[in-house]
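Raw contents of model.txt, compact mmCIF, C-alpha atoms:
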```txt
# COMPACT_ATOMS: atom_id res chain seq x y z
CA CYS A 1 0.00 0.00 0.00
CA ARG A 2 2.92 2.35 0.45
CA ASN A 3 3.42 2.59 -3.32
CA GLN A 4 -0.27 3.30 -3.93
CA VAL A 5 -1.74 6.78 -4.05
CA ILE A 6 -4.26 7.02 -1.20
CA ASP A 7 -6.84 9.81 -1.10
CA MET A 8 -6.59 12.02 1.95
CA ARG A 9 -9.97 12.17 3.66
CA THR A 10 -11.00 13.74 6.90
CA GLY A 11 -11.35 11.65 10.01
CA ILE A 12 -14.25 11.56 12.45
CA ILE A 13 -14.53 11.93 16.22
CA ALA A 14 -16.88 9.30 17.69
CA LYS A 15 -18.01 8.19 21.15
CA LYS A 16 -17.44 4.63 22.34
CA ILE A 17 -20.73 3.09 23.46
CA GLY A 18 -19.38 -0.33 24.41
CA MET A 19 -18.88 -3.82 23.01
CA SER A 20 -21.44 -6.23 21.62
CA ASN A 21 -21.84 -9.31 19.43
CA LEU A 22 -22.85 -9.39 15.78
CA TYR A 23 -24.17 -12.63 14.29
CA THR A 24 -23.93 -13.04 10.53
CA GLN A 25 -26.42 -14.97 8.42
CA SER A 26 -24.13 -18.00 8.46
CA GLY A 27 -24.03 -17.93 12.28
CA THR A 28 -20.57 -16.46 12.73
CA ASN A 29 -20.21 -14.53 15.99
CA ILE A 30 -18.19 -11.33 15.54
CA PRO A 31 -17.21 -9.28 18.63
CA VAL A 32 -17.65 -5.60 17.77
CA THR A 33 -17.16 -2.20 19.36
CA VAL A 34 -20.10 0.17 18.89
CA LEU A 35 -19.11 3.76 18.07
CA HIS A 36 -21.65 6.59 17.93
CA ILE A 37 -21.07 9.68 15.79
CA ASP A 38 -22.95 12.59 17.33
CA GLN A 39 -22.67 16.33 16.63
CA CYS A 40 -19.53 15.91 14.54
CA GLN A 41 -19.02 18.70 12.01
CA ILE A 42 -16.45 20.77 10.14
CA VAL A 43 -15.53 23.83 12.22
CA GLU A 44 -13.15 25.38 9.70
CA ARG A 45 -11.45 24.65 6.38
CA VAL A 46 -7.99 26.11 5.85
CA ASP A 47 -6.88 26.52 2.23
CA THR A 48 -3.11 26.22 1.89
CA THR A 49 -1.00 27.25 -1.09
CA ASP A 50 2.39 25.85 -0.11
CA THR A 51 1.27 22.21 0.16
CA SER A 52 -0.76 19.80 -1.95
CA ALA A 53 -3.44 19.37 0.72
CA ASP A 54 -5.83 21.56 2.67
CA LYS A 55 -6.72 21.19 6.34
CA VAL A 56 -10.05 20.87 8.11
CA LEU A 57 -10.78 21.37 11.80
CA VAL A 58 -13.34 18.85 13.04
CA GLY A 59 -15.30 19.34 16.26
CA ALA A 60 -17.48 17.01 18.30
CA CYS A 61 -19.56 17.14 21.50
CA LYS A 62 -21.11 20.61 21.69
CA LEU A 63 -20.35 22.62 24.82
CA LYS A 64 -23.31 23.73 26.90
CA LYS A 65 -21.17 26.28 28.74
CA ALA A 66 -18.07 27.89 27.23
CA ASN A 67 -15.62 30.24 28.93
CA LYS A 68 -14.59 33.60 27.51
CA ALA A 69 -11.55 32.24 25.67
CA GLN A 70 -13.54 29.45 24.04
CA LYS A 71 -16.31 31.82 22.99
CA GLY A 72 -13.80 34.16 21.36
CA PHE A 73 -12.08 31.29 19.54
CA PHE A 74 -15.26 29.83 18.07
CA GLU A 75 -16.72 33.25 17.24
CA LYS A 76 -13.75 33.83 14.96
CA LYS A 77 -14.45 30.48 13.32
CA LYS A 78 -18.16 31.40 13.07
CA SER A 79 -19.04 28.07 14.65
CA GLU A 80 -20.62 26.61 17.74
CA ALA A 81 -18.37 25.66 20.64
CA PHE A 82 -17.15 22.06 20.75
CA LYS A 83 -15.37 20.14 23.48
CA TYR A 84 -13.15 18.05 21.20
CA LEU A 85 -11.21 19.35 18.20
CA ARG A 86 -8.96 17.56 15.73
CA GLU A 87 -7.26 18.71 12.52
CA PHE A 88 -7.04 16.47 9.44
CA PRO A 89 -5.37 16.93 6.02
CA ILE A 90 -7.63 16.52 2.99
CA ASP A 91 -7.27 16.68 -0.77
CA LYS A 92 -7.84 20.08 -2.34
CA ASP A 93 -10.61 18.73 -4.58
CA THR A 94 -12.59 17.44 -1.59
CA GLU A 95 -15.94 19.23 -1.35
CA LEU A 96 -16.04 20.03 2.34
CA LYS A 97 -16.78 23.41 3.90
CA SER A 98 -17.36 24.88 7.32
CA GLY A 99 -20.59 23.69 8.92
CA ASP A 100 -20.83 20.38 7.05
CA GLN A 101 -22.02 17.48 9.19
CA LEU A 102 -20.08 14.19 9.30
CA ASN A 103 -21.96 10.95 9.86
CA ALA A 104 -21.54 7.19 9.72
CA SER A 105 -21.95 7.06 5.92
CA HIS A 106 -18.47 8.60 5.69
CA PHE A 107 -17.14 5.04 5.96
CA LYS A 108 -18.07 1.84 4.12
CA GLU A 109 -18.75 -1.65 5.40
CA GLY A 110 -15.70 -3.85 4.92
CA GLN A 111 -13.10 -1.08 4.86
CA PHE A 112 -10.24 -0.83 7.34
CA ILE A 113 -9.72 2.06 9.74
CA ASP A 114 -7.29 3.28 12.40
CA VAL A 115 -8.78 4.13 15.80
CA SER A 116 -6.85 6.23 18.34
CA GLY A 117 -7.62 7.40 21.85
CA PHE A 118 -6.58 7.17 25.49
CA THR A 119 -6.54 3.78 27.17
CA LYS A 120 -8.14 2.96 30.51
CA GLY A 121 -6.30 4.46 33.47
CA LYS A 122 -5.22 1.89 36.07
CA GLY A 123 -3.71 4.31 38.57
CA PHE A 124 -0.46 3.63 40.43
CA ALA A 125 0.41 -0.03 39.84
CA GLY A 126 3.19 -2.31 41.04
CA VAL A 127 5.74 -4.06 38.86
CA MET A 128 3.82 -7.36 38.77
CA LYS A 129 0.76 -5.73 37.25
CA ARG A 130 2.53 -3.06 35.24
CA HIS A 131 5.46 -5.03 33.79
CA ASN A 132 4.46 -8.67 34.41
CA PHE A 133 7.23 -9.30 36.95
CA SER A 134 7.07 -12.71 38.63
CA GLY A 135 7.66 -11.26 42.11
CA LEU A 136 9.70 -12.79 44.91
CA ARG A 137 9.22 -16.20 46.50
CA ALA A 138 6.03 -16.86 48.38
CA SER A 139 7.89 -18.46 51.33
CA HIS A 140 11.33 -19.47 52.63
CA GLY A 141 12.94 -16.29 53.80
CA VAL A 142 10.86 -13.60 52.06
CA SER A 143 9.18 -11.38 54.63
CA VAL A 144 6.28 -9.09 53.60
CA SER A 145 7.83 -8.26 50.21
CA HIS A 146 6.41 -10.94 47.94
CA ARG A 147 5.30 -8.49 45.23
CA SER A 148 8.28 -6.13 45.37
CA ALA A 149 10.53 -5.32 42.41
CA GLY A 150 13.75 -6.54 43.97
CA SER A 151 17.08 -4.93 43.12
CA THR A 152 16.99 -1.96 40.73
CA GLY A 153 20.70 -1.19 40.37
CA GLN A 154 24.26 -2.48 40.70
CA CYS A 155 27.05 -1.50 43.06
CA GLN A 156 29.23 1.61 43.42
CA ASP A 157 29.88 1.36 39.68
CA PRO A 158 27.75 2.82 38.09
CA GLY A 159 26.27 3.91 41.41
CA LYS A 160 22.89 4.89 39.96
CA VAL A 161 19.67 3.52 38.52
CA PHE A 162 19.54 3.72 34.74
CA LYS A 163 16.81 5.75 33.09
CA GLY A 164 13.92 3.69 31.79
CA LYS A 165 14.20 1.04 34.48
CA LYS A 166 10.96 -0.89 34.82
CA MET A 167 9.52 0.12 38.16
CA ALA A 168 6.16 0.78 39.80
CA GLY A 169 4.26 3.83 38.57
CA GLN A 170 1.30 5.15 36.61
CA TYR A 171 -0.30 2.43 34.50
CA GLY A 172 -2.61 3.13 31.58
CA ASP A 173 -4.15 6.44 30.46
CA VAL A 174 -1.78 6.71 27.48
CA HIS A 175 -2.54 7.53 23.86
CA LYS A 176 -2.77 4.43 21.70
CA THR A 177 -3.65 3.75 18.07
CA LEU A 178 -5.04 0.43 16.84
CA GLN A 179 -4.54 -0.09 13.11
CA ASN A 180 -6.37 -2.14 10.50
CA LEU A 181 -9.69 -2.53 12.32
CA GLN A 182 -12.50 -3.57 9.99
CA VAL A 183 -15.85 -1.83 9.76
CA VAL A 184 -18.40 -4.64 10.06
CA LYS A 185 -21.73 -2.78 10.22
CA ILE A 186 -22.95 0.78 9.60
CA ASP A 187 -26.33 2.09 10.77
CA ASP A 188 -27.03 5.38 8.99
CA ALA A 189 -30.30 5.95 10.86
CA LYS A 190 -28.66 5.82 14.30
CA ASN A 191 -25.23 7.08 13.15
CA ILE A 192 -23.53 3.99 14.55
CA ILE A 193 -20.41 2.19 13.37
CA CYS A 194 -19.63 -1.38 14.46
CA VAL A 195 -15.91 -2.12 14.38
CA LYS A 196 -14.49 -5.63 14.62
CA GLY A 197 -12.51 -6.14 17.83
CA ALA A 198 -11.64 -3.83 20.71
CA THR A 199 -10.67 -0.15 20.73
CA PRO A 200 -8.78 1.94 23.31
CA GLY A 201 -10.59 3.45 26.28
CA ALA A 202 -13.58 2.72 28.46
CA ARG A 203 -17.25 3.27 27.66
CA GLY A 204 -17.89 6.95 26.99
CA THR A 205 -14.40 7.63 25.61
CA TRP A 206 -14.15 9.86 22.53
CA LEU A 207 -12.05 8.29 19.76
CA VAL A 208 -10.58 9.51 16.48
CA ILE A 209 -11.42 7.34 13.45
CA GLU A 210 -9.40 7.63 10.24
CA ASP A 211 -8.90 5.61 7.06
CA SER A 212 -6.22 2.97 7.51
CA ILE A 213 -2.77 4.08 6.34
CA LYS A 214 -1.71 0.47 5.65
CA ARG A 215 -4.80 -1.04 4.03
CA ASN A 216 -7.09 0.75 1.59
CA ASP A 217 -8.85 -2.37 0.31
CA ILE A 218 -12.37 -3.46 1.19
CA LYS A 219 -12.92 -6.97 2.54
CA GLU A 220 -16.42 -8.28 2.02
CA VAL A 221 -18.53 -8.75 5.13
CA GLU A 222 -21.90 -10.48 5.23
CA SER A 223 -24.33 -7.59 5.11
CA THR A 224 -27.22 -9.25 6.94
CA SER A 225 -27.11 -10.07 10.63
CA VAL A 226 -29.48 -12.04 12.82
CA GLN A 227 -30.06 -12.26 16.55
CA ALA A 228 -29.07 -15.37 18.45
CA GLU A 229 -31.98 -17.81 18.65
CA LYS A 230 -32.58 -20.14 21.59
CA PRO A 231 -32.13 -23.82 20.71
CA SER A 232 -35.36 -25.74 20.41
CA LYS A 233 -36.22 -28.89 22.37
CA GLN A 234 -35.61 -31.03 19.26
CA ASP A 235 -32.06 -29.65 18.91
CA LYS A 236 -31.38 -30.60 22.53
```
Represent the supplied structure as C-alpha cells.
Amino acid sequence: CRNQVIDMRTGIIAKKIGMSNLYTQSGTNIPVTVLHIDQCQIVERVDTTDTSADKVLVGACKLKKANKAQKGFFEKKKSEAFKYLREFPIDKDTELKSGDQLNASHFKEGQFIDVSGFTKGKGFAGVMKRHNFSGLRASHGVSVSHRSAGSTGQCQDPGKVFKGKKMAGQYGDVHKTLQNLQVVKIDDAKNIICVKGATPGARGTWLVIEDSIKRNDIKEVESTSVQAEKPSKQDK
C-alpha cells in the first residue's frame, strides 16, 4: 500500500458506546465495538497554497457552557463551541466546507480504519501488574515483600539507577492507536459504526477514526445479521 496513491480524507470523532456481538447470516459470531457519531461537524477549512493538501478542523460534542476564551475562539471560526477538536489533512478537490455534518456514511462496510484514543487508566500499579514481573518467592525467607521489584541497580559502579528502568508507577491512560480494524456494520439511521474487535478506552471515551494508512482495500462482510436464537427442544 505504500506505493499506492491514497486519497486524503478527513477523520471523524466518535463516542465509544461499548462492546457487543454481531451474528452473521451463516451464524458467525463477531465481537464488535459500537461507536456513535454525534454532533460531529467541520468547524473550519484552511486553504493552503504551499502544500498539496488543505486542512479541516473537526469538532465534536457541543459545549453547553463555554468560557470567555472558548467563545472568542469559536466566534472567529463562526461556529458553535465544541469540546473536542482535531485537525485532518484533505485533498484540495474534496468538497467540504465549514458547517458540514459528518456521519456514519463517511465510511463503508468492509473497509479498514485506524482508531486512536486514550486507554483505561489503572492508577499507580506495582511491577507485577505493570510489567508482568514474577515477584519474589512466596515463602522461605521472604518477609512481607512478595510483590516487590527486587534490586533496581548495581554496586558503586555505576552507582545509579539507569533511566527507563521498569519500576512501579502510573499504568494506563496513554494515547494508543489500533490499526487495521475492519468496519463490520454501519447504521445510517442511528449514526452507529460497528468495528471488529476492541478499541482503546472505556465506555464513553471519545475516539478519532481515520482511514487505515496500511490497508485501503475493502474486505467483504456479510451484510445481513441475525439475533441469536434459543435452541429448540428437538435440537437438545
Item to check | d(atom CA of Ile17 of chain A, atom CA of Ala81 of chain A) in Å | outcome: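 Between atom CA of Ile17 of chain A and atom CA of Ala81 of chain A the gap works out to 22.9 Å.
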Taking 3 positions as the minimum chain separation for residues in the same chain, which residues sit within 9 Å of Glu87 of chain A when counting all atoms listed in the file? Answer as a PDB file with C-alpha atoms, in the coordinates of the input.
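So out_38.pdb came out as:
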```pdb
ATOM      1  CA  THR A  10     -11.000  13.740   6.900  1.00  0.00           C
ATOM      2  CA  GLY A  11     -11.350  11.650  10.010  1.00  0.00           C
ATOM      3  CA  LYS A  55      -6.720  21.190   6.340  1.00  0.00           C
ATOM      4  CA  VAL A  56     -10.050  20.870   8.110  1.00  0.00           C
ATOM      5  CA  LEU A  57     -10.780  21.370  11.800  1.00  0.00           C
ATOM      6  CA  VAL A  58     -13.340  18.850  13.040  1.00  0.00           C
ATOM      7  CA  GLY A  59     -15.300  19.340  16.260  1.00  0.00           C
TER       8      GLY A  59
END
```
Item to check | Nearest residue to Gly201 of chain A from the set A:Ser105, A:Gln39, A:Thr119, A:Gln179 (distances using all atoms listed in the file) | outcome: A:Thr119
Checklist entry - Using all atoms listed in the file, which residue out of A:Asp211, A:Glu220, A:Asp38, A:Glu75 lies closest to Val184 of chain A? => result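 Checking each candidate against Val184 of chain A, we get A:Glu220 as the closest.
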Item to check | Selection: 9 Å around Gln170 of chain A, only C-alpha atoms, excl. self and same-chain fewer than 5 positions, as an NGL selection string | outcome: :A and (121-126 or 130)
Checklist entry - Near Ser79 of chain A, within 10 Å and counting all atoms listed in the file, which residues show up once chain neighbours fewer than 5 positions away are dropped, as a list of chain:residue names? => result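 The residues satisfying every condition are A:Gln41, A:Ile42, A:Val43, A:Glu44, A:Gly59, A:Lys71, A:Phe73, A:Phe74, A:Ser98, A:Gly99.
Coordinates place atom CA of Asp47 of chain A at a distance of 11.4 Å from atom CA of Thr94 of chain A.
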Item to check | Counting all atoms listed in the file, the residue of A:Ala69, A:Ile209, A:Ala198, A:Cys61 that sits nearest Asn21 of chain A | outcome: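 Distance minimum relative to Asn21 of chain A lands on A:Ala198.
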